[in-house]
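K.L.:
Provided herewith is a single structure, encoded as structure tokens, for subsequent inquiry.
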Amino acid sequence: MSKIGIFNWHRLFKTDKFYLLVCASSLFVLIILFAITVFLLFSAMPALESSQTGLLGISWYKSSEANNILDFCLPLVFSTILSSLLALVIALPVSIGVALFITFYAPPKLAAIASWVIDILASIPSIVYGLWGIFVLCPFLNVFTGNLISSPPRVLFTLSIVLAVMIIPIITSIIRDIYTGTPHLDIEAAYGLGATKWEMIRLSVLPYGAQGAMSAAMLGLGRALGETMAVLIILSPGRSYSFNIFGVSSHQTIAGNIAAQFPEANSLGVSLLTVTGLVLFIITFLVNWAAKKIAKSGVANV
Amino acid sequence: MGQRIDVEHLDVFYGKFMAVENVSMTINPNQVTAFIGPSGCGKSTFLRTINRMHEMTDKATVKGSILLEGRNLYSSEIDPVQVRREVGMVFQRPNPFPTMSIRQNVLAGIKLNNKSLTKAQADEIVETSLKGANLFNEVKDRLDSAAIGMSGGQQQRLCIARAIAMKPSVLLMDEPCSALDPISTLAVEDLIYELSSNYTIVIVTHNMQQASRVSQRTAFFNISDVGKPGRLIEMDQTTKIFSNPSNQQTENYISGKFG
Amino acid sequence: MKNSVFTSLCFLCLVLVLSGCSVDNDVSQFKLNPNQSNIDLGLRGQMAGSGATSQKNSIDAWKLGYNAYYPNISVAYDPKGSGGGRKDIISGASIFAASDKLLSDEEIKLSKSVCGSNGVIQIPTYISKIEIIFNLDNIKSLSLDNKTITAIFSGKITNWSDSLIKLQNPQINLPNKLITVVRRSDDSGTNDTLTSFFSKTDESLWQWGETSSWPSSIASLSQGAQGTAGVVIVSSLGDGTISYADSAQVGTLGVVAMDNPIMQISYMLACSHYNDIIAGQFVKSWLGYIISKSGQELSHNVSNSMVLNDSQTNQAKKDIDSITIGKENV
């Protein structure tokens with residue numbers, strides 16, 4: 001009989017109702033994942049099986065001048081990953097900074113207000129960020145870029161800034177919670193050696209929070225990868241493998257492309273869009289797998 | 001190498017609440033001084049004022065002064081960070097930095113001061129400190145492995161090595177063996193004895209036998225009632241405190257009548 | 001600056017519902033005088049249609065006009081886009097639809113199973129002008145001939161101070177600014193019309209024929225935006241932009257004066273056969289009203305569309321008469 005705490009878990013677990021409930025919940029999640037995968041594969045089939053000639057019946061596929069489905073998808077994949085990674089590179093340091101400020105530097109009242117503001121920002125719908133991007137950020141940047149890049153500057157750079165602004169709140173609130181949980185013992189160890197506050201953060205807080213920060217970053221990256229409305233409004237779409245983030249009409253993300261073409265797409269077109277959706281699905285898996293690998297190797301190293 | 005500490009009329013406050021009242025004492029260099037007393041009597045609180053660690057708590061303040069070889073640690077020119085580099089501390093539970101190796105842990109404090117150490121210098125410091133903590137022979141083959149992979153006793157000795165790598169003049173120990181098994185406790189106590197010839201050591205302990213084993217002088221603290229501040233009752237040679245104390249409260253405590 | 005902010009705010013509502021909500025039109029100012037004998041109280045029911053955003057303003061007006069004669073019919077129109085409208089009429093979800101583009105062969109084939117053996121009927125009901133619009137300093141109007149316009153959109157002329165533009169507008173002080181072309185990035189009937197116009201004007205300049213999707217080889221020379229509202233907003237936000245939009249939605253942007261305006265034809269879609277008698281009677285009367293003189297004039301007043309000419313009206317009448325209802329001629 002296993003007794004942990006005041007409950008007799010053994011007996012409780014074996015009770016039919018509880019056991020079924022727990023099992024059902026777990027199965028539910030797995031089933032949903034499975035169902036989504038099946039749906040994507042099923043819907044994508046017509047496009048995957050179609051010949052090049054068949055696909056040329058889709059007007060936007062034709063004008064993309066792609067040679068096959070892979071050729072069609074790859075520039076989208078490139079832009080999606082580029083814009084999201086750039087957004088993460090901008091967002092992560094800012095998020096860590098804000099989290100450290102709230103947890104270790106701000107007076108309690110200011111910290112409470114800052115936390116509250118972050119939580120509110122996290123819940124703002126993405127289309128609002130998109131509107132902010134086109135009506136506020138673009139004209140603002142236009143003052144500096146003027147005739148250098150297109151007017152208004154609806155380019156990947158601007159999009160990445162907006163994406164970064166969108167994902168900062170989520171990453172910050174997760175990291176803030178992690179940093180707050182830094183074991184007091186580790187903090188004392190650093191101070192006891194004569195560390196300043198920043199040195200203590202470097203010694204005790206950042207290493208402790210590294211794995212959690214990685215997870216938070218992956219969560220933020222996921223949101224950036226799937227962002228649709230902001231892309232639709234801000235980014236002027238195009239197809240290329242250009243790293244020039246200031247080049248106009250050079251990039252389009254998978255999600256943005258789906259939203260742009262879906263309303264007018266015929267059934268083969270919808271199927272082709274689903275193929276790109278499937279690709280995005282796979283990218284998300286790969287990103288998660290890579291993140292776990294990196295996190296594991298970080299811990300095992302020591 | 002150890003330095004002398006003079007405490008003059010020290011009061012410790014948390015906000016408006018006085019936790020410790022009017023402590024004055026001399027702590028001799030190159031000796032082990034033990035602080036004993038019942039729970040909540042303020043001995044740990046007082047210990048932490050010696051390296052200004054109490055300032056980590058919100059609104060913790062002191063009145064009075066603590067002199068390290070004549071220098072007042074609480075004067076306005078002195079930076080608490082600097083104090084902690086000269087007065088080292090070992091805590092109740094071993095706390096090596098969990099993401100670092102044994103070697104990195106030993107060097108952690110040093111690296112705060114001098115960022116640039118040659119490999120030779122670093123290796124030398126690691127070896128000396130670990131030897132000084134009686135740990136070197138056990139771990140010399142795995143200096144790059146995780147610090148938290150060691151046993152509790154080894155981790156605590158690592159923390160001691162880390163502290164003495166800084167070459168402090170004083171070593172404060174806040175119940176360093178309370179989380180350790182008897183064998184590890186013995187090892188640490190032997191270590192304390194060896195270190196005492198080169199350092200000023202102050203150890204807070206709940207264990208009276210430990211105090212009598214390890215220290216040359218003992219200070220007994222007590223608290224008169226709940227909500228009242230703790231006070232220094234008696235301080236003297238360890239042998240005297242435990243055989244023939246001058247104060248009745250001390251006598252009651254060591255004979256187990258309370259505490 | 002103030003101008004563009006005002007324009008932006010004006011079009012804010014349009015963008016918020018990208019499916020194409022529009023500002024309400026007050027049509028009561030236009031007098032409709034049905035006499036007692038014209039009013040039919042017997043035809044009653046809810047009729048659902050969907051499709052293009054371009055005809056929305058006119059459809060709103062037509063609803064009111066139609067209700068004056070048939071007060072017990074309530075018409076609901078969902079402006080989800082031409083593609084959505086075509087899908088709905090083929091699936092039977094809508095009784096009528098509006099589209100900027102004709103159905104493809106595949107779509108017509110699909111429609112034959114639901115819409116009668118002759119499939120969907122497509123009747124031109126809305127002819128609007130496509131304006132070439134621009135945002136350049138405070139210039140309200142420019143003269144450009146067709147070849148110049150085609151050259152600009154093909155990326156051959158890149159600066160507003162180009163000699164060709166100066167030649168056609170001698171009194172206007174043209175600044176040295178890059179021309180930013182703003183195109184429709186969605187699949188749009190307007191793109192069809194425009195690219196067809198370019199092809200007809202000069203095939204050596206515009207080499208990509210008629211297409212509803214902007215060719216990607218020159219896409220990088222221009223900016224793309226979603227929907228008519230999108231191109232108008234982006235043009236307003238940018239400096240030195242040139243674009244194209246239905247004349248009803250041009251706002252305060254500058255307009256190019258052209259000799260022969262570019263006309264876009266929008267269609268109403270109906271089934272060639274309705275099993276449901278009420279639905280069939282509705283569609284015939286609805287379409288009949290729309291192509292009538294009063295219907296077309298109402299649309300002209302509200303959306304600035306062009307009234308159908310006689311041959312278009314006659315053809316439409318023939319098509320409407322060919323719709324069969326119930327058990328007739330099946």
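By convention here, the chains of the structure tokens are called A, B, ... in the order presented, each chain's residues are numbered starting at 1, and ligands are numbered starting at 1 in the order presented.
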Per DSSP on the backbone, what are the helix (DSSP H, G or I) residues of region 42-254 of chain B, as a ChimeraX atom specification?
P.N.:
/B:43-50,53-56,80-86,102-113,119-132,136-139,147-149,152-165,182-195,208-214,238-243,248-254
K.L.:
Extract, using only C-alpha atoms, all DNA, RNA and protein residues at most 7 Å from region 222-236 of chain B, discarding same-chain residues fewer than 2 positions from it, and format them as a compact mmCIF listing (two decimals) with C-alpha atoms, in the first residue's frame.
P.N.:
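This went into out.txt:
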# COMPACT_ATOMS: atom_id res chain seq x y z
CA MET B 18 14.69 44.55 17.28
CA ALA B 19 15.94 41.01 16.73
CA VAL B 20 19.21 41.15 18.62
CA GLU B 21 20.13 43.59 21.39
CA ASN B 22 23.40 45.15 22.45
CA VAL B 23 25.96 42.53 21.60
CA GLY B 37 21.70 28.86 22.08
CA PRO B 38 18.07 27.76 21.59
CA CYS B 41 17.72 33.35 19.92
CA GLY B 42 19.32 35.39 17.18
CA ARG B 217 35.71 29.87 22.82
CA THR B 218 31.92 29.70 23.01
CA ALA B 219 29.25 32.41 23.16
CA PHE B 220 25.82 31.56 24.54
CA THR B 238 34.68 26.53 25.76
CA LYS B 240 34.62 26.75 31.14
CA ILE B 241 31.24 27.27 29.50
CA ASN B 247 25.42 32.43 34.32
K.L.:
Please identify all polymer residues within 8 Å of region 171-174 of chain B, counting only C-alpha atoms, omitting same-chain residues fewer than 4 positions from it, and present them as number ranges by chain.
P.N.:
B: 44, 47, 87-92, 163-164, 199-205
K.L.:
Taking only C-alpha atoms into account, what are the residues of chain B at most 9 Å from chain A, put as a VMD selection string?
P.N.:
chain B and resid 51 53 56 80 to 91 93 to 101 108 to 110 112 144 to 147 159 162 to 163 166
K.L.:
Per residue of chain C within 10 Å of chain A, which atom pair is closest and at what distance in Å (one decimal), using only C-alpha atoms, listed by chain and increasing number, as a Markdown table?
P.N.:
| residue | atom | partner | partner_atom | distance |
| --- | --- | --- | --- | --- |
| C:Met1 | CA | A:Pro139 | CA | 9.7 |
| C:Val5 | CA | A:Phe135 | CA | 8.4 |
| C:Ser8 | CA | A:Phe135 | CA | 7.6 |
| C:Leu9 | CA | A:Phe135 | CA | 9.1 |
| C:Leu12 | CA | A:Leu131 | CA | 8.8 |
| C:Val15 | CA | A:Leu131 | CA | 8.9 |
| C:Leu16 | CA | A:Ile127 | CA | 8.6 |
| C:Ser19 | CA | A:Pro263 | CA | 9.0 |
| C:Lys80 | CA | A:Pro263 | CA | 7.8 |
| C:Gly81 | CA | A:Pro263 | CA | 6.8 |
| C:Ser82 | CA | A:Glu264 | CA | 6.9 |
| C:Gly83 | CA | A:Glu264 | CA | 4.1 |
| C:Gly84 | CA | A:Pro263 | CA | 6.4 |
| C:Gly85 | CA | A:Glu264 | CA | 9.3 |
| C:Arg86 | CA | A:Glu264 | CA | 9.1 |
| C:Lys87 | CA | A:Asn266 | CA | 8.1 |
| C:Ser104 | CA | A:Gly57 | CA | 9.9 |
| C:Glu106 | CA | A:Asn266 | CA | 9.7 |
| C:Glu107 | CA | A:Asn266 | CA | 8.8 |
| C:Lys177 | CA | A:Asn147 | CA | 7.2 |
| C:Leu178 | CA | A:Asn147 | CA | 6.6 |
| C:Ile179 | CA | A:Ser150 | CA | 8.9 |
| C:Thr180 | CA | A:Ser150 | CA | 6.5 |
| C:Val181 | CA | A:Ser150 | CA | 9.4 |
| C:Val182 | CA | A:Ser236 | CA | 9.1 |
| C:Arg183 | CA | A:Ser236 | CA | 9.5 |
| C:Ser185 | CA | A:Pro237 | CA | 7.2 |
| C:Asp186 | CA | A:Ala260 | CA | 5.8 |
| C:Asp187 | CA | A:Glu264 | CA | 6.3 |
| C:Ser188 | CA | A:Glu264 | CA | 8.0 |
| C:Trp208 | CA | A:Ser63 | CA | 9.0 |
| C:Thr211 | CA | A:Ser59 | CA | 7.2 |
| C:Ser212 | CA | A:Ser59 | CA | 6.7 |
| C:Ser213 | CA | A:Trp60 | CA | 5.3 |
| C:Trp214 | CA | A:Ser63 | CA | 6.6 |
| C:Pro215 | CA | A:Ser63 | CA | 4.7 |
| C:Ser216 | CA | A:Ser64 | CA | 5.3 |
| C:Ser217 | CA | A:Ser64 | CA | 8.0 |
| C:Ile218 | CA | A:Gly238 | CA | 9.4 |
| C:Ala219 | CA | A:Gly238 | CA | 6.2 |
| C:Ser220 | CA | A:Ser249 | CA | 4.6 |
| C:Leu221 | CA | A:Ser249 | CA | 7.2 |
| C:Ser222 | CA | A:Ser249 | CA | 6.6 |
| C:Gln223 | CA | A:Ser236 | CA | 5.2 |
| C:Gly224 | CA | A:Ser236 | CA | 4.7 |
| C:Ala225 | CA | A:Ser236 | CA | 6.3 |
| C:Gln226 | CA | A:Ala260 | CA | 7.0 |
| C:Gly227 | CA | A:Ala260 | CA | 9.4 |
| C:Gly230 | CA | A:Ile233 | CA | 7.8 |
| C:Ile233 | CA | A:Phe135 | CA | 9.2 |
| C:Val234 | CA | A:Pro152 | CA | 7.2 |
| C:Ser235 | CA | A:Pro152 | CA | 8.3 |
| C:Ser236 | CA | A:Pro152 | CA | 9.2 |
| C:Leu237 | CA | A:Pro152 | CA | 6.1 |
| C:Gly238 | CA | A:Pro152 | CA | 4.5 |
| C:Asp239 | CA | A:Ser151 | CA | 5.9 |
| C:Gly240 | CA | A:Ser151 | CA | 7.5 |
| C:Thr241 | CA | A:Ser151 | CA | 7.5 |
K.L.:
Env of Val106 (chain B): 7 Å cut, atoms = only C-alpha atoms, seq-sep filter 6 positions within chain, self excluded. Answer as a CSV table (one decimal) with N, CA, C and O atoms, in the first residue's frame.
P.N.:
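For reference, selection03.csv as written:
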chain,number,residue,atom,x,y,z
B,126,VAL,N,42.7,25.9,-7.5
B,126,VAL,CA,41.8,24.7,-7.4
B,126,VAL,C,42.4,23.7,-6.5
B,126,VAL,O,41.8,23.2,-5.5
B,161,ALA,N,35.9,24.8,0.3
B,161,ALA,CA,37.0,25.1,-0.6
B,161,ALA,C,36.7,26.4,-1.4
B,161,ALA,O,37.6,27.2,-1.6
B,162,ARG,N,35.5,26.5,-1.8
B,162,ARG,CA,35.1,27.7,-2.6
B,162,ARG,C,35.3,28.9,-1.8
B,162,ARG,O,35.8,30.0,-2.3
B,165,ALA,N,39.1,29.6,-1.1
B,165,ALA,CA,39.8,30.0,-2.3
B,165,ALA,C,39.9,31.5,-2.4
B,165,ALA,O,40.9,32.1,-3.0
K.L.:
Measuring between only C-alpha atoms, which one of C:Met268, C:Leu144, C:Ile278, C:Ile90 shows the shortest distance to Pro124 (chain C)?
P.N.:
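Checking each of C:Met268, C:Leu144, C:Ile278, C:Ile90 against Pro124 (chain C), counting only C-alpha atoms, the winner is C:Met268.
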K.L.:
Which neighbours of Ser24 (chain B) fall inside 6 Å, counting only C-alpha atoms, when residues of the same chain fewer than 2 positions from it are skipped, and could you give them as a PyMOL selection string?
P.N.:
chain B and resi 7-9
K.L.:
Quick one: pick out all strand (DSSP E) residues within region 52-300 of chain C from a backbone DSSP run and write them as a PyMOL selection string.
P.N.:
chain C and resi 73-78+96-99+120-135+141-143+180-184+222-225+241-246+254-257+262-271+273-274
K.L.:
In Å, rounded to a single decimal, give me how far CA of Leu135 (chain B) is from CA of Asn207 (chain B).
P.N.:
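Rounded to one decimal, the two atoms are 24.1 Å apart.
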K.L.:
Which residues are close to Met208 (chain B), i.e. within 9 Å by only C-alpha atoms, leaving aside same-chain residues fewer than 2 positions away? Reply as a count of residues only.
P.N.:
10
K.L.:
Hey, which of B:Leu10, B:Val32, B:Ile125, B:Ala179 ends up closest to Tyr74 (chain B)? Count only C-alpha atoms.
P.N.:
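Going through B:Leu10, B:Val32, B:Ile125, B:Ala179 one by one, the smallest distance to Tyr74 (chain B) is for B:Leu10.
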K.L.:
Any idea what the distance is between CA of Leu205 (chain C) and CA of Ser143 (chain C)?
P.N.:
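Here the two named atoms are 19.5 Å from each other.
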K.L.:
So that I can see what lies close to Asn30 (chain B), please list as a ChimeraX atom specification the residues with an atom at most 10 Å from it, counting only C-alpha atoms and leaving out residues fewer than 4 positions away in the same chain.
P.N.:
/B:1-4,169-170,195-201
K.L.:
Go ahead and write the residues just picked, C-alpha atoms, as an mmCIF file, in the first residue's frame.
P.N.:
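Printed below is part33.cif as written:
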data_model
loop_
_atom_site.group_PDB
_atom_site.id
_atom_site.type_symbol
_atom_site.label_atom_id
_atom_site.label_comp_id
_atom_site.auth_asym_id
_atom_site.auth_seq_id
_atom_site.Cartn_x
_atom_site.Cartn_y
_atom_site.Cartn_z
ATOM 1 C CA MET B 1 46.403 35.126 8.635
ATOM 2 C CA GLY B 2 43.183 35.263 10.569
ATOM 3 C CA GLN B 3 41.973 38.646 11.758
ATOM 4 C CA ARG B 4 40.439 39.834 14.981
ATOM 5 C CA SER B 169 40.533 36.414 6.864
ATOM 6 C CA VAL B 170 37.371 35.182 8.543
ATOM 7 C CA LEU B 195 41.673 25.421 9.223
ATOM 8 C CA SER B 196 41.580 27.157 12.555
ATOM 9 C CA SER B 197 45.315 27.710 12.647
ATOM 10 C CA ASN B 198 45.084 29.956 9.603
ATOM 11 C CA TYR B 199 41.638 31.508 9.809
ATOM 12 C CA THR B 200 39.327 33.151 12.263
ATOM 13 C CA ILE B 201 36.368 30.792 12.346
#
K.L.:
Which distance in Å separates CA of Ser141 (chain C) and CA of Val232 (chain C), to one decimal?
P.N.:
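Spanning CA of Ser141 (chain C) to CA of Val232 (chain C) is a straight-line distance of 16.2 Å.
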